[in-house]
Every structure is written in C-alpha cells, then in structure tokens.
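The data block below is model_11.pdb; it holds PDB, C-alpha atoms and all ligand atoms.
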```
ATOM      1  CA  MET F   1       0.940  -1.875 -28.724
ATOM      2  CA  HIS F   2      -2.699  -0.850 -28.165
ATOM      3  CA  ARG F   3      -3.146  -3.453 -25.427
ATOM      4  CA  ASP F   4      -0.328  -1.853 -23.379
ATOM      5  CA  CYS F   5      -2.508   1.156 -22.513
ATOM      6  CA  LYS F   6      -4.780   0.732 -19.537
ATOM      7  CA  CYS F   7      -6.988   3.580 -20.735
ATOM      8  CA  ILE F   8      -7.253   6.291 -23.353
ATOM      9  CA  LEU F   9      -7.100   9.837 -21.980
ATOM     10  CA  PHE F  10      -7.564  11.748 -25.235
ATOM     11  CA  THR F  11      -8.839  10.344 -28.516
ATOM     12  CA  GLU F  12      -7.717  11.447 -31.975
ATOM     13  CA  GLU F  13     -10.824  13.626 -32.154
ATOM     14  CA  ASP F  14     -10.091  15.259 -28.738
ATOM     15  CA  ILE F  15      -6.547  15.989 -29.946
ATOM     16  CA  ARG F  16      -7.665  17.402 -33.310
ATOM     17  CA  ARG F  17     -10.204  19.719 -31.676
ATOM     18  CA  ARG F  18      -7.835  21.024 -28.985
ATOM     19  CA  VAL F  19      -4.953  21.604 -31.435
ATOM     20  CA  ALA F  20      -7.297  23.663 -33.649
ATOM     21  CA  GLU F  21      -8.287  25.801 -30.626
ATOM     22  CA  LEU F  22      -4.657  26.359 -29.631
ATOM     23  CA  GLY F  23      -3.831  27.329 -33.219
ATOM     24  CA  GLU F  24      -6.609  29.922 -33.233
ATOM     25  CA  GLU F  25      -5.472  31.367 -29.908
ATOM     26  CA  ILE F  26      -1.848  31.615 -31.042
ATOM     27  CA  THR F  27      -2.864  33.129 -34.397
ATOM     28  CA  ARG F  28      -4.796  35.865 -32.564
ATOM     29  CA  ASP F  29      -1.885  36.654 -30.207
ATOM     30  CA  TYR F  30       0.751  36.820 -32.951
ATOM     31  CA  SER F  31      -1.383  38.496 -35.631
ATOM     32  CA  SER F  32       1.075  41.376 -36.076
ATOM     33  CA  GLY F  33       4.186  39.418 -36.949
ATOM     34  CA  GLN F  34       6.202  36.300 -37.550
ATOM     35  CA  LEU F  35       6.673  33.607 -34.981
ATOM     36  CA  PHE F  36       9.731  31.418 -34.394
ATOM     37  CA  ALA F  37       8.409  27.994 -33.369
ATOM     38  CA  ILE F  38      10.947  25.702 -31.724
ATOM     39  CA  GLY F  39       9.998  22.038 -31.391
ATOM     40  CA  ILE F  40      11.733  20.092 -28.651
ATOM     41  CA  LEU F  41      12.779  16.673 -29.980
ATOM     42  CA  LYS F  42      11.535  14.135 -30.112
ATOM     43  CA  GLY F  43       8.278  14.073 -28.191
ATOM     44  CA  SER F  44       6.821  17.277 -29.617
ATOM     45  CA  VAL F  45       7.181  16.328 -33.294
ATOM     46  CA  LEU F  46       3.606  15.115 -33.857
ATOM     47  CA  PHE F  47       2.057  18.010 -31.942
ATOM     48  CA  PHE F  48       4.398  20.466 -33.679
ATOM     49  CA  ALA F  49       3.388  19.237 -37.149
ATOM     50  CA  ASP F  50      -0.321  19.556 -36.323
ATOM     51  CA  LEU F  51      -0.007  22.873 -34.482
ATOM     52  CA  VAL F  52       1.939  24.819 -37.135
ATOM     53  CA  ARG F  53      -0.717  23.891 -39.693
ATOM     54  CA  ALA F  54      -3.368  25.347 -37.365
ATOM     55  CA  ILE F  55      -1.493  28.669 -37.043
ATOM     56  CA  GLN F  56      -2.399  31.272 -39.665
ATOM     57  CA  VAL F  57       0.624  33.602 -39.374
ATOM     58  CA  PRO F  58       4.087  33.009 -40.890
ATOM     59  CA  VAL F  59       6.077  30.495 -38.841
ATOM     60  CA  LEU F  60       9.832  30.009 -38.899
ATOM     61  CA  MET F  61      10.487  26.435 -37.733
ATOM     62  CA  ASP F  62      13.453  24.973 -35.930
ATOM     63  CA  PHE F  63      14.191  22.152 -33.489
ATOM     64  CA  MET F  64      16.270  21.543 -30.404
ATOM     65  CA  GLY F  65      17.238  18.215 -28.946
ATOM     66  CA  VAL F  66      17.713  18.095 -25.199
ATOM     67  CA  SER F  67      18.145  15.271 -22.785
ATOM     68  CA  SER F  68      16.948  15.040 -19.220
ATOM     69  CA  TYR F  69      15.473  11.589 -18.684
ATOM     70  CA  GLN F  70      18.143   9.259 -20.098
ATOM     71  CA  ASN F  71      15.758   6.375 -20.726
ATOM     72  CA  ARG F  72      14.312   6.359 -17.216
ATOM     73  CA  SER F  73      10.835   7.131 -15.999
ATOM     74  CA  GLU F  74      12.032   9.699 -13.444
ATOM     75  CA  THR F  75      13.686  13.018 -14.146
ATOM     76  CA  SER F  76      17.268  13.671 -13.112
ATOM     77  CA  GLY F  77      17.005  17.466 -13.163
ATOM     78  CA  GLU F  78      19.974  17.671 -15.514
ATOM     79  CA  VAL F  79      19.492  19.110 -18.987
ATOM     80  CA  ARG F  80      21.945  18.835 -21.882
ATOM     81  CA  ILE F  81      21.693  20.221 -25.437
ATOM     82  CA  LEU F  82      22.042  17.356 -27.939
ATOM     83  CA  LYS F  83      21.030  19.332 -31.043
ATOM     84  CA  ASP F  84      21.097  23.103 -31.127
ATOM     85  CA  LEU F  85      19.104  25.535 -33.299
ATOM     86  CA  ASP F  86      20.006  26.284 -36.917
ATOM     87  CA  PHE F  87      18.732  29.902 -36.637
ATOM     88  CA  SER F  88      19.458  32.663 -34.152
ATOM     89  CA  VAL F  89      16.703  33.630 -31.707
ATOM     90  CA  GLU F  90      17.993  37.198 -31.438
ATOM     91  CA  GLY F  91      15.164  39.731 -31.778
ATOM     92  CA  ARG F  92      12.605  37.013 -32.550
ATOM     93  CA  ASP F  93       9.297  36.118 -30.914
ATOM     94  CA  VAL F  94       9.964  32.552 -29.812
ATOM     95  CA  LEU F  95       7.336  29.924 -29.121
ATOM     96  CA  ILE F  96       8.717  26.760 -27.495
ATOM     97  CA  VAL F  97       6.577  23.771 -28.484
ATOM     98  CA  GLU F  98       6.527  20.892 -26.005
ATOM     99  CA  ASP F  99       4.542  17.682 -25.829
ATOM    100  CA  ILE F 100       4.542  17.576 -22.020
ATOM    101  CA  VAL F 101       5.817  19.575 -19.072
ATOM    102  CA  ASP F 102       6.567  17.368 -16.112
ATOM    103  CA  SER F 103       9.068  18.585 -13.477
ATOM    104  CA  GLY F 104       9.585  21.758 -15.550
ATOM    105  CA  TYR F 105      13.394  21.447 -15.484
ATOM    106  CA  THR F 106      13.704  21.147 -19.279
ATOM    107  CA  LEU F 107      11.525  24.178 -19.893
ATOM    108  CA  ARG F 108      13.171  26.293 -17.191
ATOM    109  CA  TYR F 109      16.527  25.623 -18.806
ATOM    110  CA  LEU F 110      15.231  26.322 -22.327
ATOM    111  CA  CYS F 111      13.488  29.587 -21.394
ATOM    112  CA  ASP F 112      16.588  30.847 -19.544
ATOM    113  CA  THR F 113      18.874  29.859 -22.434
ATOM    114  CA  LEU F 114      16.776  31.450 -25.177
ATOM    115  CA  GLU F 115      16.221  34.654 -23.188
ATOM    116  CA  ARG F 116      19.952  34.892 -22.552
ATOM    117  CA  ARG F 117      20.573  34.498 -26.296
ATOM    118  CA  GLY F 118      18.515  37.649 -26.944
ATOM    119  CA  ALA F 119      15.053  36.470 -27.986
ATOM    120  CA  LYS F 120      12.551  39.352 -28.132
ATOM    121  CA  SER F 121       9.989  37.226 -26.323
ATOM    122  CA  VAL F 122       9.804  33.603 -25.183
ATOM    123  CA  LYS F 123       6.474  31.852 -24.702
ATOM    124  CA  VAL F 124       5.604  28.206 -24.227
ATOM    125  CA  VAL F 125       2.915  25.981 -25.651
ATOM    126  CA  THR F 126       2.641  22.469 -24.282
ATOM    127  CA  PHE F 127       0.055  19.944 -25.327
ATOM    128  CA  LEU F 128       0.051  18.236 -21.943
ATOM    129  CA  ASP F 129       0.715  19.675 -18.508
ATOM    130  CA  LYS F 130       1.518  17.317 -15.630
ATOM    131  CA  ALA F 131       1.199  20.176 -13.146
ATOM    132  CA  SER F 132       1.189  17.957 -10.037
ATOM    133  CA  ALA F 133       4.784  16.827 -10.826
ATOM    134  CA  ARG F 134       6.201  20.352 -11.111
ATOM    135  CA  ARG F 135       9.492  21.149  -9.331
ATOM    136  CA  ALA F 136      10.802  24.161 -11.285
ATOM    137  CA  GLU F 137       8.812  27.350 -11.785
ATOM    138  CA  VAL F 138       7.744  27.826 -15.411
ATOM    139  CA  GLU F 139       5.191  30.005 -17.143
ATOM    140  CA  ILE F 140       3.010  28.219 -19.691
ATOM    141  CA  ALA F 141       1.177  30.527 -22.096
ATOM    142  CA  TYR F 142      -0.846  27.828 -23.873
ATOM    143  CA  ARG F 143      -1.734  24.320 -22.686
ATOM    144  CA  GLY F 144      -3.772  21.621 -24.343
ATOM    145  CA  PHE F 145      -4.776  19.490 -21.389
ATOM    146  CA  GLU F 146      -3.754  18.908 -17.786
ATOM    147  CA  VAL F 147      -2.908  15.251 -17.124
ATOM    148  CA  PRO F 148      -2.606  13.135 -13.969
ATOM    149  CA  ASN F 149       0.751  12.038 -12.546
ATOM    150  CA  ALA F 150       0.766   8.724 -14.423
ATOM    151  CA  PHE F 151       2.901   7.273 -17.215
ATOM    152  CA  ILE F 152       1.487   8.846 -20.360
ATOM    153  CA  VAL F 153       2.256   7.571 -23.879
ATOM    154  CA  GLY F 154       1.195   8.238 -27.458
ATOM    155  CA  TYR F 155       1.004  11.219 -29.824
ATOM    156  CA  GLY F 156       4.798  11.576 -29.582
ATOM    157  CA  LEU F 157       5.262  10.530 -25.965
ATOM    158  CA  ASP F 158       7.300   7.398 -25.385
ATOM    159  CA  TYR F 159       8.286   4.805 -22.882
ATOM    160  CA  ALA F 160      11.804   3.525 -23.757
ATOM    161  CA  GLU F 161      11.306   4.940 -27.304
ATOM    162  CA  GLN F 162       8.094   2.930 -27.855
ATOM    163  CA  TYR F 163       4.474   4.071 -28.336
ATOM    164  CA  ARG F 164       5.286   7.472 -29.924
ATOM    165  CA  ASN F 165       3.199   6.567 -32.978
ATOM    166  CA  LEU F 166      -0.014   5.834 -31.077
ATOM    167  CA  PRO F 167      -2.516   8.285 -32.583
ATOM    168  CA  TYR F 168      -4.201   8.853 -29.192
ATOM    169  CA  ILE F 169      -2.886   9.601 -25.684
ATOM    170  CA  GLY F 170      -3.146   6.873 -23.079
ATOM    171  CA  ILE F 171      -1.896   5.697 -19.709
ATOM    172  CA  LEU F 172       0.622   2.847 -19.825
ATOM    173  CA  ARG F 173      -0.106  -0.248 -17.757
ATOM    174  CA  GLU F 174       1.968  -0.165 -14.545
ATOM    175  CA  GLU F 175       3.265  -3.711 -14.898
ATOM    176  CA  LEU F 176       5.144  -2.686 -18.071
ATOM    177  CA  TYR F 177       7.497  -0.279 -16.299
ATOM    178  CA  GLN F 178       7.336  -1.072 -12.570
ATOM    179  CA  HIS F 179      10.183  -3.592 -12.695
ATOM    180  CA  ALA F 180      12.154  -1.929 -15.490
TER
HETATM  181  C1  LIG I   1      10.132  14.940 -22.255
HETATM  182  C2  LIG I   1       9.284  16.077 -22.800
HETATM  183  C3  LIG I   1       9.945  17.297 -22.280
HETATM  184  C4  LIG I   1      10.532  16.836 -20.960
HETATM  185  C5  LIG I   1       9.625  17.288 -19.859
HETATM  186  O1  LIG I   1      11.207  14.718 -23.116
HETATM  187  O2  LIG I   1       9.251  16.075 -24.199
HETATM  188  O3  LIG I   1      10.982  17.770 -23.128
HETATM  189  O4  LIG I   1      10.592  15.418 -20.990
HETATM  190  O5  LIG I   1      10.110  16.846 -18.626
HETATM  191  P1  LIG I   1      10.495  17.833 -17.436
HETATM  192  O6  LIG I   1       9.414  18.857 -17.337
HETATM  193  O7  LIG I   1      10.530  16.905 -16.234
HETATM  194  O8  LIG I   1      11.837  18.423 -17.726
HETATM  195  P2  LIG I   1      12.224  13.500 -22.962
HETATM  196  O9  LIG I   1      13.461  13.970 -22.256
HETATM  197  O10 LIG I   1      11.498  12.323 -22.411
HETATM  198  O11 LIG I   1      12.656  13.240 -24.475
HETATM  199  P3  LIG I   1      11.762  12.884 -25.757
HETATM  200  O12 LIG I   1      10.944  14.117 -26.079
HETATM  201  O13 LIG I   1      12.762  12.569 -26.820
HETATM  202  O14 LIG I   1      10.887  11.709 -25.403
END
```
So, in terms of structure tokens, how does the structure I just supplied come out?
Amino acid sequence: MHRDCKCILFTEEDIRRRVAELGEEITRDYSSGQLFAIGILKGSVLFFADLVRAIQVPVLMDFMGVSSYQNRSETSGEVRILKDLDFSVEGRDVLIVEDIVDSGYTLRYLCDTLERRGAKSVKVVTFLDKASARRAEVEIAYRGFEVPNAFIVGYGLDYAEQYRNLPYIGILREELYQHA
C-alpha cells in the first residue's frame, strides 16, 4: 500500500497541525452559536472526525452520501444523493465538510440544495483544494491545502476504494491507474 505512492504531500504531522488551525478559525467564526456539520461520505470521514474535535463550539453532526465519480478517475458532472440527511437544515448554520474539491460539481450541487432547503447559512470547509481542476464556481470558506492536479490518495481519499486508511496524503503512481 505504502509503495503505491510516488511521494508524500502531507505527513501526519502536517495534517494534525493544519486541522488544529482550521478548528481554531471555525471556532472563532461560530463563537455565538451552534454549527451543523455535514460530512460528505465517504472521503471526508477521517477529516470530519479530526476537525469536529478541534472545534470548541457545539456541533450537530450529520452525513450525506453523494455520487459523482462512479469508480472512475474523471468526473462526470452528474451528482446523485445516495444517503440524505437525518436532520433538517432549516434555520441552521451549515458547514459542509469535504475532503477534496476537484471540479466543484459536487459542492455546487450541495450548496444549492441546502440553500434551497432553507439553511440559515451554508459554508464549506475542504481539507484539500484542487483549484486547477475547477469547472463549477464554488465559494470555499476554509481550506487546508491546495494540491496539484494529480491523483491524490490517503486520509480518506481513495482510488477504486483503496488507500483511504493511509494516515498521510500522497500522490498515486501513474502506472497504477493509467491503464485502468
Ligand atoms: C470526491 C470528494 C468530493 C468530490 C469532489 O468524492 O469527496 O465529494 O469527489 O469532486 P468534484 O469537485 O469533482 O465534484 P467521491 O465521489 O470520489 O466519493 P468518495 O468521497 O466516497 O470517495
């Protein structure tokens, strides 16, 4: 598993430090109330678990499952809800928690949907931002790191459902997906 990465972009220590900073920033911005954190399955699960513990205001937690990639390395632009929220967003300050924003299609769809459902506010935190791959316009309130347009795995991010449990973030060797 470790040999499949051609390099490490962010170590466990880099991740720990940046998550703590994001938690402090979010705590400051939401100091007057409760926050409704929505993790987008499955990639964001590791980041979500670390981030909520770094936030010092009450957090209501929920998850949404959406599909856009269908086991391929390129986005289709189509987004479907596979698992919806258990709680209503109406009147709540929503924070969408993503592992990575790539084309932006998933996030554009989620922001539009949650605003339409009556959220009081909708903001986004993403651990990684692949800004050079963006196709849809999205506003990101908090970002961990910007990453290059390469195949990134680890800390929740997968290739064909593998590598999510790598504790660091790395770039996958090209030969592993080029002929897939
Ligand atoms: C990834 C990621 C985002 C989305 C970003 O999820 O977690 O939700 O893709 O891509 P976009 O900006 O091009 O829309 P994916 O669909 O791979 O599912 P996963 O989280 O279960 O791995």
Env. residues ligand LIG 1 (chain I) / 9 Å / all atoms listed in the file / as JSON, numbers by chain: {"F": [40, 41, 42, 43, 44, 45, 65, 66, 67, 68, 69, 70, 71, 72, 73, 74, 75, 76, 77, 78, 79, 98, 99, 100, 101, 102, 103, 104, 105, 106, 107, 108, 109, 129, 130, 133, 134, 135, 136, 156, 157, 158, 159, 160, 161, 164]}
How many Å separate CA of Asp86 in chain F from CA of Lys120 in chain F? 17.4 Å
For Leu22 in chain F, please output as a PDB file with C-alpha atoms, keeping the file's coordinate frame all residues within 8 Å (counting only C-alpha atoms; exclusion window: fewer than 6 positions along the same chain).
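Done, and the output landed in selection.pdb:
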```pdb
ATOM      1  CA  LEU F  51      -0.007  22.873 -34.482  1.00  0.00           C
ATOM      2  CA  ALA F  54      -3.368  25.347 -37.365  1.00  0.00           C
ATOM      3  CA  TYR F 142      -0.846  27.828 -23.873  1.00  0.00           C
ATOM      4  CA  ARG F 143      -1.734  24.320 -22.686  1.00  0.00           C
ATOM      5  CA  GLY F 144      -3.772  21.621 -24.343  1.00  0.00           C
TER       6      GLY F 144
END
```
Determine the nearest neighbour of Gly33 in chain F from the options F:Asp93, F:Glu146, F:Asp84, F:Glu137, counting all atoms listed in the file.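 Counting all atoms listed in the file, the residue closest to Gly33 in chain F is F:Asp93.
From CA of Asp50 in chain F back to CA of Ile8 in chain F, the distance works out to 19.8 Å.
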Neighbours of Val19 in chain F within 12 Å (all atoms listed in the file; same-chain residues fewer than 6 positions away dropped), as a list of chain:residue names? F:Phe10, F:Glu12, F:Glu13, F:Glu25, F:Ile26, F:Leu46, F:Phe47, F:Phe48, F:Ala49, F:Asp50, F:Leu51, F:Val52, F:Arg53, F:Ala54, F:Ile55, F:Asp99, F:Val125, F:Thr126, F:Phe127, F:Leu128, F:Tyr142, F:Arg143, F:Gly144, F:Phe145
Could you state the separation of CA of Ala141 in chain F and CA of Ser88 in chain F in Å, given to one decimal place?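 CA of Ala141 in chain F sits 22.0 Å away from CA of Ser88 in chain F.
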Pick the closest to Cys7 in chain F from F:Leu35, F:Val153, F:Tyr177, F:Gln56: which is it, counting all atoms listed in the file?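 Looking only at the distances to Cys7 in chain F, the closest residue turns out to be F:Val153.
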